[in-house]
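A.B. asks: The following block contains the structure, expressed as structure tokens.
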4 protein chains.
Amino acid sequence: MKPVRLDLAGIYPALITPFAADGGVSVANMKHNIGLYNKTALRGYVVLGSTGESVLLRSKEMDEILAAVKESAAAGKALIAGTGAESTAETIERTKRAAALGYDVALVKTPYYYKPSYNAQVLIAHYRRVADESPIPVMLYSVPIFTGLALEAPEIAAMAEHPNIIGIKDSSGNVQRVSETIAQTPSEFQVLVGSAPTVYPCLAIGARGAILALASALPEKCASLYQLVRDRQLDAARELQVVLLRASKRIVSEMGIAGIKHVMDLRGYRGGNPRLPLQPLTAEQKTRLAAFLPTVEQAEMAQADRH
Amino acid sequence: MKPVRLDLAGIYPALITPFAADGGVSVANMKHNIGLYNKTALRGYVVLGSTGESVLLRSKEMDEILAAVKESAAAGKALIAGTGAESTAETIERTKRAAALGYDVALVKTPYYYKPSYNAQVLIAHYRRVADESPIPVMLYSVPIFTGLALEAPEIAAMAEHPNIIGIKDSSGNVQRVSETIAQTPSEFQVLVGSAPTVYPCLAIGARGAILALASALPEKCASLYQLVRDRQLDAARELQVVLLRASKRIVSEMGIAGIKHVMDLRGYRGGNPRLPLQPLTAEQKTRLAAFLPTVEQAEMAQADRH
Amino acid sequence: MKPVRLDLAGIYPALITPFAADGGVSVANMKHNIGLYNKTALRGYVVLGSTGESVLLRSKEMDEILAAVKESAAAGKALIAGTGAESTAETIERTKRAAALGYDVALVKTPYYYKPSYNAQVLIAHYRRVADESPIPVMLYSVPIFTGLALEAPEIAAMAEHPNIIGIKDSSGNVQRVSETIAQTPSEFQVLVGSAPTVYPCLAIGARGAILALASALPEKCASLYQLVRDRQLDAARELQVVLLRASKRIVSEMGIAGIKHVMDLRGYRGGNPRLPLQPLTAEQKTRLAAFLPTVEQAEMAQADRH
Amino acid sequence: MKPVRLDLAGIYPALITPFAADGGVSVANMKHNIGLYNKTALRGYVVLGSTGESVLLRSKEMDEILAAVKESAAAGKALIAGTGAESTAETIERTKRAAALGYDVALVKTPYYYKPSYNAQVLIAHYRRVADESPIPVMLYSVPIFTGLALEAPEIAAMAEHPNIIGIKDSSGNVQRVSETIAQTPSEFQVLVGSAPTVYPCLAIGARGAILALASALPEKCASLYQLVRDRQLDAARELQVVLLRASKRIVSEMGIAGIKHVMDLRGYRGGNPRLPLQPLTAEQKTRLAAFLPTVEQAEMAQADRH
């Protein structure tokens, strides 16, 4: 395995974007959250991803959030900025802004609106153009649950030949596809996954880490799963994966970003409500989450006891 | 059937956005195209829809295009502006700008990125908020081929109760869904369809008209189909529908926006290339279109002969 | 339009198979139903289709049902037997049995279990082999809601070249696909559709008729829709289509074969319960159907009044 | 973990059914194959599954095949018979025949034709009825690639409460679903998977073994992967999984049952051609397989070298 330019192995939260009372982004709350995350084993931060409501933000708000995280992140935390837009030109612009603000990596989601036209050839051309222009390494981002478009191993392998494309975040949750990607790309191409229910099996087959919405709400537990796999504590890893599978289902799948934000509120972070059209949780949903959360935390203690 | 505020019955082109040599939008070319369309039986114009590459445009460019069409459109042409953005707030802003620029109707595509969260209730809340704030009537826009999200009859019926929501553009091509929508909404709710291959069957079951990418390239033929149905020339309508079905497949389905633009170039309009990541046609594709186009035009003459 | 060997234009019920108290097929009840259908404008009968629970019957039961319908059908009713099995050899055997029993046409559904292997080439080879061996004309049958496999226009067109393949029953409900099939096959190739919600638009674009589960329960109304279209009573046809759309949704889509059979019970036919694993209706479902049925019959009277 | 009645842990081939020159099943070739398999570490045999072309066989042929395998299987090999039919009654009959012939377990695939009607409640009722009547333990079988219907964890958990339902073969390849099933069922409920590309990750999260079409052609390698995981040789397991992923794609996904049978022919087994409508391989496909096979066997040697 060749040495990599920037070793991204580990767990990252897909950061939420907190909003202030006036509806704008809250730099203060973002910094508060980062302050807490800095004390954990998280490998770094992913800003302006899908969980960050990036598609609901304005250009100026994106810059404010990027700056806030850069300022408050502890030394050594890898900083990854979501910079993908529908147009190639705007993607390049956002990528350059992120680089100028000090980010280490640009995470570029696929364009997706004209999906019948976006065949492998078009996607490869897009990513190569972006990678050519980007001052910082580019990471591909495939998130079919939101985009309806998945990157497959053959085109990923073609893109991995570009010296400035260093990895992928694959959020499909499709373990076979992740396997194929790892098998068809060079060992220095870094595959991170974006689906909490399959982190352990993906690490088992060679993924380097994960970028998880769930890690915004439960960072310790997500980081702990990674460490258990590194330590080959396989039974414990399997059990913790079940806990995270349940948590992901109850919080992320059933309640979306509003659910993640509310669990953050319950755990000392500042989540708040999402931006419209995303709706805040109902009182009933909040009650369910409040009842569910201790079952996750007790599971965490059971883990801690055992080791 | 109650009288409608604004009768939208007829055929509209989903206008393409022409770009200048420097990559910016070309107001001059847009005005040229509108000048030609003004001489046809098209009912009006739809600006900044999916065919207009709206997701690839900047805010300032959108305003330029809206202004150009408004200035050059002949009197009596209904003007419909695509104003849907992912966030509710930005959708409202765009809608107000379109109203201020003199547009008659705002065509609001569904938000779609967070589709697992966008259940009927969320979509209804979004559209009601937009309709409350909009100075002009709102038309729903469901285009699952691009968004991965389809509006279904029950939620459309709920939205149709809002006095400022006057209709829908349904681009699903699903004739049963169009039927259900018509059956479940009041007669003054105007259903336009957005799929050229099923215009005639949709008109047969009660759609008021169509907004078609194909009508940017072949406006006369599309308008002619509408007129044949109005005149109950059913055999001729059926035959012309077959011609448009083939043309839609060869031009729109196989080659996308670049295909439409190139046929426009061949027919005296100004199409040009699409914006990246959309790719221009290859020489081979252009040759195929050039060979195909006369078969459509001869078909048109056969129609003309018969009536 | 060339003359066809056997003109199938019109409406057919996809017949249900009634069961006796001992669980076997009830020849008596089948003959009772045919006796009633003989008095209607139905063009003929389709036996052992999907609605006939053919996949739940044994070989001997199939023969009993085929014989019962043949014996009781009025002169002039076209008799179509479902003979498709997964294997080519068994399909041919069933087809020969149906021919020997006096059936006019074999309706051969696609094989479907090994769908990843059943590409167009494999399907064409299968159908050609069956058509070569069949003593009676063969009709293709595409029913993706049950099989997960749809025949598309290009392969249908290839099969239509075989002199013993005379048409298709397309149950996809996809009006564009039906249009493409009609456009790409010779005029003597007969397209019947199998989806009640889109019968009228499909007739408008050139389908010859329909084979409908709903016509087992509501034969007069289905036959009436056909007649209205023939008579170019377009407004009445559109209204009746809405009635049938609603009925199809409430009876067929929501309750399946058990629903169709129960409405038959309510209307003087002998439906009874389906075979396991299909479940009989609950009391609550029966109550809902009993309340719904008069709304369909009143709709029928409104139609009758008008014309 | 409670002791299980019958420990099924390990690897099974989903046996192919060889045909004789006259088109009937070849008992002799089946016994030849079993003779070779008896020398491997395979845990047992699965007869009349999807790979066994069971949907293309007649009742008498099924019995011949069941008897042939029973007679030739070495002592200690677990014998699993595919007995699922569309109707509940026929499934019970087949299950009783398999029990009478000495089989240990009945593998019952879901009914699937009337999939819109087969909700969780209907499926649970079907399986409970079969399990009530079966003289031998029942194993659920979910194979959505062929049936279009997948069993999900909640209904599997409900069925797992039945004392005669002891496990599931899940061929979905969906690792998250397998995880959820394991998490929601008692520890004595045995989950085997049926997708070669994800065997290792599924074993990692707690699956007991696998039933694989690929194991008919490459039994040693499949058994070896299982053993590596048992021995916690994780790096070697990961590498061998990649080899099997490639082999599964090239042989099973691209060429189906005909591909498996041909690789068997190349390796001293008796595969032959599948039954129509399945087509034999073309000469070109055979050449490709012959070129591919050594790359798998060399990979195997590399594994052997390392340990």
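Residue numbers start at 1 in each chain; chains themselves are named A, B, ... in the order of the structure tokens; ligands are numbered from 1 in the order shown.
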Could you list, as a list of chain:residue names, every residue within 9 Å of Ala78 (chain A), counting only C-alpha atoms and ignoring same-chain residues fewer than 4 positions away?

C.D. replies: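 Everything that qualifies: A:Leu6, A:Leu8, A:Tyr12, A:Arg43, A:Gly44, A:Tyr45, A:Val46, A:Ala73, A:Tyr103, A:Asp104, A:Val105.
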
A.B. asks: Distance cut-off 6 Å, counting only C-alpha atoms - which residues of chain B neighbour chain A? Return them as a VMD selection string.

C.D. replies: chain B and resid 56 87 to 88 113 to 114 126 146 276 to 277

A.B. asks: Please report the interatomic distance between CA of Arg250 (chain B) and CA of Leu151 (chain C) in Å with one decimal.

C.D. replies: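 For CA of Arg250 (chain B) relative to CA of Leu151 (chain C), the distance reads 20.1 Å.
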
A.B. asks: CA of Gly82 (chain B) and CA of Gly49 (chain B) are how many Å apart?

C.D. replies: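 For CA of Gly82 (chain B) relative to CA of Gly49 (chain B), the distance reads 5.1 Å.
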
A.B. asks: I'd like the contact shell of Lys169 (chain B) - 6 Å cut-off, only C-alpha atoms, skipping same-chain residues fewer than 5 positions apart - returned as a list in words.

C.D. replies: Tyr141, Leu192 and Val193 of chain B

A.B. asks: Can you tell me, as a list in words, what residues are no more than 7 Å from Ala106 (chain A) when counting only C-alpha atoms, ignoring any on the same chain fewer than 2 positions away?

C.D. replies: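 Everything that qualifies: Ile80, Ala81, Gly82, Thr83, Thr95, Val108, Ile136, Pro137, Val138 and Met139 of chain A.
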
A.B. asks: For those residues, write all heavy atoms to a file as a PDB file, in the first residue's frame.

C.D. replies:
ATOM      1  N   ILE A  80     -13.028  18.883   5.811  1.00  0.00           N
ATOM      2  CA  ILE A  80     -13.574  18.526   4.501  1.00  0.00           C
ATOM      3  C   ILE A  80     -14.793  19.402   4.228  1.00  0.00           C
ATOM      4  O   ILE A  80     -15.706  19.463   5.057  1.00  0.00           O
ATOM      5  CB  ILE A  80     -13.979  17.038   4.478  1.00  0.00           C
ATOM      6  CG1 ILE A  80     -12.772  16.147   4.829  1.00  0.00           C
ATOM      7  CG2 ILE A  80     -14.566  16.655   3.138  1.00  0.00           C
ATOM      8  CD1 ILE A  80     -13.088  14.654   4.906  1.00  0.00           C
ATOM      9  N   ALA A  81     -14.796  20.061   3.074  1.00  0.00           N
ATOM     10  CA  ALA A  81     -15.898  20.965   2.727  1.00  0.00           C
ATOM     11  C   ALA A  81     -16.718  20.398   1.576  1.00  0.00           C
ATOM     12  O   ALA A  81     -16.153  20.003   0.558  1.00  0.00           O
ATOM     13  CB  ALA A  81     -15.337  22.323   2.316  1.00  0.00           C
ATOM     14  N   GLY A  82     -18.002  20.357   1.754  1.00  0.00           N
ATOM     15  CA  GLY A  82     -18.887  19.996   0.647  1.00  0.00           C
ATOM     16  C   GLY A  82     -18.937  21.145  -0.330  1.00  0.00           C
ATOM     17  O   GLY A  82     -19.309  22.255   0.052  1.00  0.00           O
ATOM     18  N   THR A  83     -18.582  20.910  -1.581  1.00  0.00           N
ATOM     19  CA  THR A  83     -18.530  22.006  -2.558  1.00  0.00           C
ATOM     20  C   THR A  83     -19.259  21.684  -3.856  1.00  0.00           C
ATOM     21  O   THR A  83     -19.167  22.440  -4.818  1.00  0.00           O
ATOM     22  CB  THR A  83     -17.059  22.352  -2.917  1.00  0.00           C
ATOM     23  OG1 THR A  83     -16.472  21.212  -3.562  1.00  0.00           O
ATOM     24  CG2 THR A  83     -16.255  22.712  -1.677  1.00  0.00           C
ATOM     25  N   THR A  95     -15.253  25.210  -4.637  1.00  0.00           N
ATOM     26  CA  THR A  95     -14.060  24.467  -4.227  1.00  0.00           C
ATOM     27  C   THR A  95     -12.904  25.421  -3.956  1.00  0.00           C
ATOM     28  O   THR A  95     -12.177  25.281  -2.961  1.00  0.00           O
ATOM     29  CB  THR A  95     -13.702  23.454  -5.330  1.00  0.00           C
ATOM     30  OG1 THR A  95     -14.797  22.557  -5.500  1.00  0.00           O
ATOM     31  CG2 THR A  95     -12.461  22.658  -4.966  1.00  0.00           C
ATOM     32  N   VAL A 108     -17.157  16.478  -3.281  1.00  0.00           N
ATOM     33  CA  VAL A 108     -17.953  16.961  -4.413  1.00  0.00           C
ATOM     34  C   VAL A 108     -19.039  15.954  -4.757  1.00  0.00           C
ATOM     35  O   VAL A 108     -18.790  14.918  -5.369  1.00  0.00           O
ATOM     36  CB  VAL A 108     -17.046  17.209  -5.635  1.00  0.00           C
ATOM     37  CG1 VAL A 108     -17.876  17.668  -6.824  1.00  0.00           C
ATOM     38  CG2 VAL A 108     -15.981  18.250  -5.294  1.00  0.00           C
ATOM     39  N   ILE A 136      -7.062  21.923  -3.890  1.00  0.00           N
ATOM     40  CA  ILE A 136      -6.981  20.912  -2.825  1.00  0.00           C
ATOM     41  C   ILE A 136      -7.491  19.577  -3.361  1.00  0.00           C
ATOM     42  O   ILE A 136      -8.200  19.536  -4.375  1.00  0.00           O
ATOM     43  CB  ILE A 136      -7.812  21.337  -1.577  1.00  0.00           C
ATOM     44  CG1 ILE A 136      -9.244  21.717  -1.983  1.00  0.00           C
ATOM     45  CG2 ILE A 136      -7.129  22.478  -0.841  1.00  0.00           C
ATOM     46  CD1 ILE A 136     -10.157  22.044  -0.807  1.00  0.00           C
ATOM     47  N   PRO A 137      -7.143  18.471  -2.709  1.00  0.00           N
ATOM     48  CA  PRO A 137      -7.615  17.171  -3.189  1.00  0.00           C
ATOM     49  C   PRO A 137      -9.133  17.087  -3.203  1.00  0.00           C
ATOM     50  O   PRO A 137      -9.805  17.678  -2.351  1.00  0.00           O
ATOM     51  CB  PRO A 137      -7.034  16.179  -2.177  1.00  0.00           C
ATOM     52  CG  PRO A 137      -5.926  16.895  -1.487  1.00  0.00           C
ATOM     53  CD  PRO A 137      -6.277  18.349  -1.519  1.00  0.00           C
ATOM     54  N   VAL A 138      -9.626  16.329  -4.155  1.00  0.00           N
ATOM     55  CA  VAL A 138     -11.063  16.165  -4.333  1.00  0.00           C
ATOM     56  C   VAL A 138     -11.472  14.768  -3.905  1.00  0.00           C
ATOM     57  O   VAL A 138     -10.779  13.787  -4.174  1.00  0.00           O
ATOM     58  CB  VAL A 138     -11.440  16.383  -5.814  1.00  0.00           C
ATOM     59  CG1 VAL A 138     -12.842  15.871  -6.128  1.00  0.00           C
ATOM     60  CG2 VAL A 138     -11.308  17.856  -6.169  1.00  0.00           C
ATOM     61  N   MET A 139     -12.595  14.703  -3.209  1.00  0.00           N
ATOM     62  CA  MET A 139     -13.191  13.419  -2.854  1.00  0.00           C
ATOM     63  C   MET A 139     -14.556  13.340  -3.533  1.00  0.00           C
ATOM     64  O   MET A 139     -15.367  14.268  -3.418  1.00  0.00           O
ATOM     65  CB  MET A 139     -13.320  13.345  -1.340  1.00  0.00           C
ATOM     66  CG  MET A 139     -14.079  12.151  -0.840  1.00  0.00           C
ATOM     67  SD  MET A 139     -13.892  11.943   0.953  1.00  0.00           S
ATOM     68  CE  MET A 139     -12.342  11.044   0.982  1.00  0.00           C
TER      69      MET A 139
END

A.B. asks: Pick out the residues sitting within 8 Å of region 205-210 of chain C, and hand them over as a PyMOL selection string; count only C-alpha atoms, and ignore anything fewer than 6 positions along from it in its own chain.

C.D. replies: (chain B and resi 200-201+238) or (chain C and resi 8-12+169+178-179+182+190-196+199+226)

A.B. asks: For Asn33 (chain D), work out the shell of residues within 12 Å, counting only C-alpha atoms and skipping chain neighbours fewer than 5 positions away, then give it as a VMD selection string.

C.D. replies: chain D and resid 13 15 to 18 26 to 28 38 to 40 45 68 to 69 72 to 73 216 to 217 219 261 264 to 265 267 to 272

A.B. asks: So which residues of region 19-266 of chain B fall under strand (DSSP E) by DSSP, listed as a VMD selection string?

C.D. replies: chain B and resid 44 to 47 78 to 82 105 to 109 138 to 142 165 to 170 190 to 193 209 to 212

A.B. asks: Once DSSP has gone over the backbone, tell me which residues of region 36-252 of chain D are in alpha helix (DSSP H), as a PyMOL selection string.

C.D. replies: chain D and resi 36-37+59-72+88-100+120-133+144-147+153-160+175-184+199-204+214-217+219-230+234-247

A.B. asks: Counting only C-alpha atoms, what is within 6 Å of Phe189 (chain D), bar same-chain residues fewer than 3 positions away, as a count of residues only?

C.D. replies: 3

A.B. asks: Taking only C-alpha atoms into account, which of C:Ser171, C:Thr185, C:Gln241, C:Asp235 comes nearest Ala223 (chain C)?

C.D. replies: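 That would be C:Gln241, the residue with the smallest distance to Ala223 (chain C).
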